[in-house]
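Participant: First, the structure itself, so that you have it in front of you.
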Amino acid sequence: MTRRLTRRPVRRPTWRGALAPVLAGVALAALVGCGGGGQDPSSPSPSSPTADPAPTADADQAWAAYGALPQDLASALDHAVGDLGWTELQEPAVAAGDGTCALNLSRQRSEQVLLDLDDADLSASRAALDPVLAGYGFPPLSEPTTDGGGQTVVASEHPDGGEVTLTTRSDTVLDVGGVPLDPAGCTPGAYVPADR
């Protein structure tokens, strides 16, 4: 007798799987009380830009970890290829959908065409942005691809879910967002950081 074996697709872990232990720890700390013990006061702060941002429970924590990233990226790009004259298209906002919640930090646009200022591989741009991304725990930008609309796209996704996308064709757009938040306390809409 011959048995037919069927293969089930392997499920890849998602940010939700990584977020569960963090949320459990936050809940436990709230129930028990933190007390401040266990961390050496002389050690560097875990929220410093060189620390890897972890999935966060609320927008304030996400802003503390990632809030400076959009400006750091725009400044690095300006330094590499010249002042691009950025315009803010989207202020920080919380978005929800299908049981998820995320903080979108910024969408900036320049009328300059990055391909006119850099080569087709965007090598100067990627060389300038990759160290900034690494400081926030992101991998290097992808190789350039062309989307269905003819835009050249490079992107980086943090292991915990934040995303950086740079697109250029007739202009240049820098998107920073997708920072996962606790869906249980999600309030979609504009987010106004305390430091703005």
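Chain labels follow the order of the structure tokens: the first chain is A, the next B, and so on; residue numbering restarts at 1 in every chain, and ligands are counted from 1 in their shown order.
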Give me, as a PDB file with all heavy atoms, in the first residue's frame, all polymer residues having an atom no more than 7 Å from A:Asp182, counting only C-alpha atoms and skipping those fewer than 3 positions away in the same chain.

Facilitator:
ATOM      1  N   THR A  56       7.311  47.717  19.463  1.00  0.00           N
ATOM      2  CA  THR A  56       6.930  48.596  20.552  1.00  0.00           C
ATOM      3  C   THR A  56       5.462  48.458  20.901  1.00  0.00           C
ATOM      4  O   THR A  56       4.646  48.059  20.083  1.00  0.00           O
ATOM      5  CB  THR A  56       7.230  50.050  20.180  1.00  0.00           C
ATOM      6  OG1 THR A  56       6.590  50.332  18.954  1.00  0.00           O
ATOM      7  CG2 THR A  56       8.713  50.290  20.042  1.00  0.00           C
ATOM      8  N   ALA A  57       5.136  48.796  22.124  1.00  0.00           N
ATOM      9  CA  ALA A  57       3.765  48.668  22.604  1.00  0.00           C
ATOM     10  C   ALA A  57       2.924  49.881  22.236  1.00  0.00           C
ATOM     11  O   ALA A  57       1.734  49.764  22.061  1.00  0.00           O
ATOM     12  CB  ALA A  57       3.754  48.457  24.117  1.00  0.00           C
ATOM     13  N   ASP A  58       3.542  51.060  22.107  1.00  0.00           N
ATOM     14  CA  ASP A  58       2.742  52.241  21.772  1.00  0.00           C
ATOM     15  C   ASP A  58       3.525  53.202  20.874  1.00  0.00           C
ATOM     16  O   ASP A  58       4.721  53.041  20.665  1.00  0.00           O
ATOM     17  CB  ASP A  58       2.232  52.945  23.023  1.00  0.00           C
ATOM     18  CG  ASP A  58       3.325  53.556  23.892  1.00  0.00           C
ATOM     19  OD1 ASP A  58       4.380  53.961  23.352  1.00  0.00           O
ATOM     20  OD2 ASP A  58       3.129  53.653  25.101  1.00  0.00           O
ATOM     21  N   CYS A 101      -1.391  47.101  13.640  1.00  0.00           N
ATOM     22  CA  CYS A 101      -1.298  48.526  13.948  1.00  0.00           C
ATOM     23  C   CYS A 101       0.147  48.945  13.701  1.00  0.00           C
ATOM     24  O   CYS A 101       1.074  48.208  14.046  1.00  0.00           O
ATOM     25  CB  CYS A 101      -1.689  48.771  15.403  1.00  0.00           C
ATOM     26  SG  CYS A 101      -1.787  50.519  15.850  1.00  0.00           S
ATOM     27  N   GLY A 185      -4.087  48.384  21.735  1.00  0.00           N
ATOM     28  CA  GLY A 185      -4.253  49.787  22.135  1.00  0.00           C
ATOM     29  C   GLY A 185      -4.175  50.736  20.957  1.00  0.00           C
ATOM     30  O   GLY A 185      -3.841  51.900  21.110  1.00  0.00           O
ATOM     31  N   CYS A 186      -4.487  50.257  19.760  1.00  0.00           N
ATOM     32  CA  CYS A 186      -4.317  51.035  18.542  1.00  0.00           C
ATOM     33  C   CYS A 186      -5.394  52.104  18.388  1.00  0.00           C
ATOM     34  O   CYS A 186      -6.576  51.828  18.482  1.00  0.00           O
ATOM     35  CB  CYS A 186      -4.359  50.092  17.343  1.00  0.00           C
ATOM     36  SG  CYS A 186      -3.793  50.867  15.826  1.00  0.00           S
TER      37      CYS A 186
END

Participant: Between stretch 124-146 of chain A and stretch 65-82 of chain A, at 8 Å or less, what are the per-residue closest atom pairs and their distances in Å? Count only C-alpha atoms, order by chain and rising residue number, and return it as CSV.

Facilitator:
residue,atom,partner,partner_atom,distance
A:Ala124,CA,A:Ala80,CA,6.5
A:Ser125,CA,A:Leu77,CA,6.0
A:Ala128,CA,A:Ala76,CA,5.8
A:Leu129,CA,A:Leu73,CA,6.1
A:Val132,CA,A:Leu73,CA,6.6
A:Leu133,CA,A:Leu73,CA,7.9
A:Tyr136,CA,A:Tyr66,CA,7.4

Participant: Extract the full set of alpha helix (DSSP H) residues from stretch 104-141 of chain A according to DSSP on the backbone, and format it as a ChimeraX atom specification.

Facilitator: /A:114-117,123-135

Participant: Point out the residue among A:Ala102, A:Arg107, A:Leu84, A:Gln90 with the least atom-to-atom distance to A:Thr187, counting only C-alpha atoms.

Facilitator: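 Checking each of A:Ala102, A:Arg107, A:Leu84, A:Gln90 against A:Thr187, counting only C-alpha atoms, the winner is A:Ala102.
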
Participant: As a ChimeraX atom specification, please: the residues near A:Pro139 (cut-off 12 Å, only C-alpha atoms, same-chain neighbours under 5 positions excluded).

Facilitator: /A:52,126,129-134,154-164

Participant: May I have the residues from that selection written out with all heavy atoms, as a compact mmCIF listing (two decimals), in the first residue's frame?

Facilitator:
# COMPACT_ATOMS: atom_id res chain seq x y z
N ASP A 52 19.24 48.43 18.50
CA ASP A 52 18.24 47.90 17.60
C ASP A 52 16.86 48.15 18.17
O ASP A 52 16.54 47.68 19.25
CB ASP A 52 18.42 46.38 17.42
CG ASP A 52 19.64 46.05 16.58
OD1 ASP A 52 20.18 46.97 15.95
OD2 ASP A 52 20.03 44.87 16.55
N ARG A 126 22.77 54.83 -1.89
CA ARG A 126 22.76 53.65 -1.01
C ARG A 126 23.96 53.66 -0.06
O ARG A 126 23.83 53.32 1.11
CB ARG A 126 22.70 52.36 -1.83
CG ARG A 126 21.35 52.20 -2.52
CD ARG A 126 21.17 50.87 -3.23
NE ARG A 126 22.16 50.68 -4.27
CZ ARG A 126 22.81 49.55 -4.50
NH1 ARG A 126 22.58 48.49 -3.78
NH2 ARG A 126 23.68 49.46 -5.48
N LEU A 129 23.07 56.09 2.71
CA LEU A 129 21.94 55.72 3.57
C LEU A 129 22.18 54.45 4.38
O LEU A 129 21.66 54.33 5.50
CB LEU A 129 20.67 55.57 2.73
CG LEU A 129 20.19 56.83 2.02
CD1 LEU A 129 18.96 56.54 1.19
CD2 LEU A 129 19.94 57.95 3.00
N ASP A 130 22.95 53.50 3.86
CA ASP A 130 23.14 52.23 4.55
C ASP A 130 23.72 52.36 5.96
O ASP A 130 23.23 51.71 6.89
CB ASP A 130 23.98 51.26 3.71
CG ASP A 130 23.18 50.65 2.55
OD1 ASP A 130 21.94 50.77 2.54
OD2 ASP A 130 23.82 50.04 1.67
N PRO A 131 24.73 53.22 6.19
CA PRO A 131 25.23 53.37 7.57
C PRO A 131 24.18 53.96 8.52
O PRO A 131 24.12 53.59 9.69
CB PRO A 131 26.43 54.31 7.44
CG PRO A 131 26.83 54.25 6.01
CD PRO A 131 25.58 53.95 5.23
N VAL A 132 23.35 54.87 8.02
CA VAL A 132 22.29 55.45 8.86
C VAL A 132 21.30 54.34 9.22
O VAL A 132 20.90 54.20 10.38
CB VAL A 132 21.57 56.61 8.12
CG1 VAL A 132 20.40 57.12 8.95
CG2 VAL A 132 22.55 57.73 7.81
N LEU A 133 20.90 53.56 8.23
CA LEU A 133 19.97 52.45 8.49
C LEU A 133 20.54 51.46 9.49
O LEU A 133 19.84 50.99 10.39
CB LEU A 133 19.63 51.73 7.17
CG LEU A 133 18.78 52.54 6.19
CD1 LEU A 133 18.76 51.87 4.83
CD2 LEU A 133 17.36 52.72 6.73
N ALA A 134 21.83 51.15 9.36
CA ALA A 134 22.48 50.20 10.27
C ALA A 134 22.42 50.71 11.71
O ALA A 134 22.25 49.92 12.64
CB ALA A 134 23.92 49.96 9.85
N VAL A 154 14.34 51.37 -4.11
CA VAL A 154 15.23 50.65 -3.19
C VAL A 154 14.52 50.66 -1.84
O VAL A 154 13.80 51.60 -1.51
CB VAL A 154 16.64 51.26 -3.09
CG1 VAL A 154 17.41 51.08 -4.38
CG2 VAL A 154 16.60 52.73 -2.70
N ALA A 155 14.71 49.58 -1.07
CA ALA A 155 13.98 49.47 0.20
C ALA A 155 14.80 48.69 1.21
O ALA A 155 15.71 47.94 0.87
CB ALA A 155 12.63 48.79 -0.04
N SER A 156 14.42 48.86 2.47
CA SER A 156 15.00 48.10 3.58
C SER A 156 13.89 47.85 4.59
O SER A 156 13.09 48.74 4.88
CB SER A 156 16.13 48.90 4.25
OG SER A 156 16.64 48.19 5.38
N GLU A 157 13.83 46.62 5.11
CA GLU A 157 12.83 46.29 6.11
C GLU A 157 13.53 45.80 7.38
O GLU A 157 14.33 44.87 7.34
CB GLU A 157 11.88 45.21 5.61
CG GLU A 157 10.76 44.94 6.60
CD GLU A 157 9.68 44.01 6.05
OE1 GLU A 157 9.62 43.83 4.83
OE2 GLU A 157 8.92 43.47 6.86
N HIS A 158 13.22 46.45 8.48
CA HIS A 158 13.78 46.06 9.77
C HIS A 158 13.26 44.67 10.13
O HIS A 158 12.11 44.35 9.83
CB HIS A 158 13.37 47.08 10.84
CG HIS A 158 14.11 46.93 12.12
ND1 HIS A 158 13.79 45.99 13.06
CD2 HIS A 158 15.19 47.60 12.60
CE1 HIS A 158 14.62 46.09 14.07
NE2 HIS A 158 15.48 47.06 13.82
N PRO A 159 14.05 43.83 10.79
CA PRO A 159 13.57 42.51 11.18
C PRO A 159 12.28 42.56 12.01
O PRO A 159 11.49 41.62 11.98
CB PRO A 159 14.72 41.93 12.00
CG PRO A 159 15.93 42.66 11.55
CD PRO A 159 15.47 44.03 11.14
N ASP A 160 12.05 43.67 12.72
CA ASP A 160 10.84 43.79 13.52
C ASP A 160 9.69 44.45 12.76
O ASP A 160 8.62 44.63 13.32
CB ASP A 160 11.13 44.60 14.79
CG ASP A 160 12.06 43.85 15.72
OD1 ASP A 160 12.06 42.60 15.70
OD2 ASP A 160 12.80 44.51 16.46
N GLY A 161 9.90 44.85 11.51
CA GLY A 161 8.79 45.32 10.70
C GLY A 161 8.82 46.73 10.19
O GLY A 161 8.05 47.06 9.31
N GLY A 162 9.65 47.62 10.67
CA GLY A 162 9.71 48.97 10.11
C GLY A 162 10.24 48.93 8.68
O GLY A 162 11.02 48.05 8.33
N GLU A 163 9.80 49.87 7.86
CA GLU A 163 10.18 49.88 6.45
C GLU A 163 10.68 51.25 6.01
O GLU A 163 10.13 52.27 6.41
CB GLU A 163 8.98 49.51 5.58
CG GLU A 163 8.39 48.17 5.90
CD GLU A 163 7.02 47.96 5.28
OE1 GLU A 163 6.26 48.96 5.17
OE2 GLU A 163 6.73 46.83 4.91
N VAL A 164 11.70 51.24 5.15
CA VAL A 164 12.19 52.45 4.50
C VAL A 164 12.17 52.17 3.01
O VAL A 164 12.69 51.16 2.56
CB VAL A 164 13.63 52.80 4.95
CG1 VAL A 164 14.20 53.93 4.11
CG2 VAL A 164 13.66 53.14 6.43
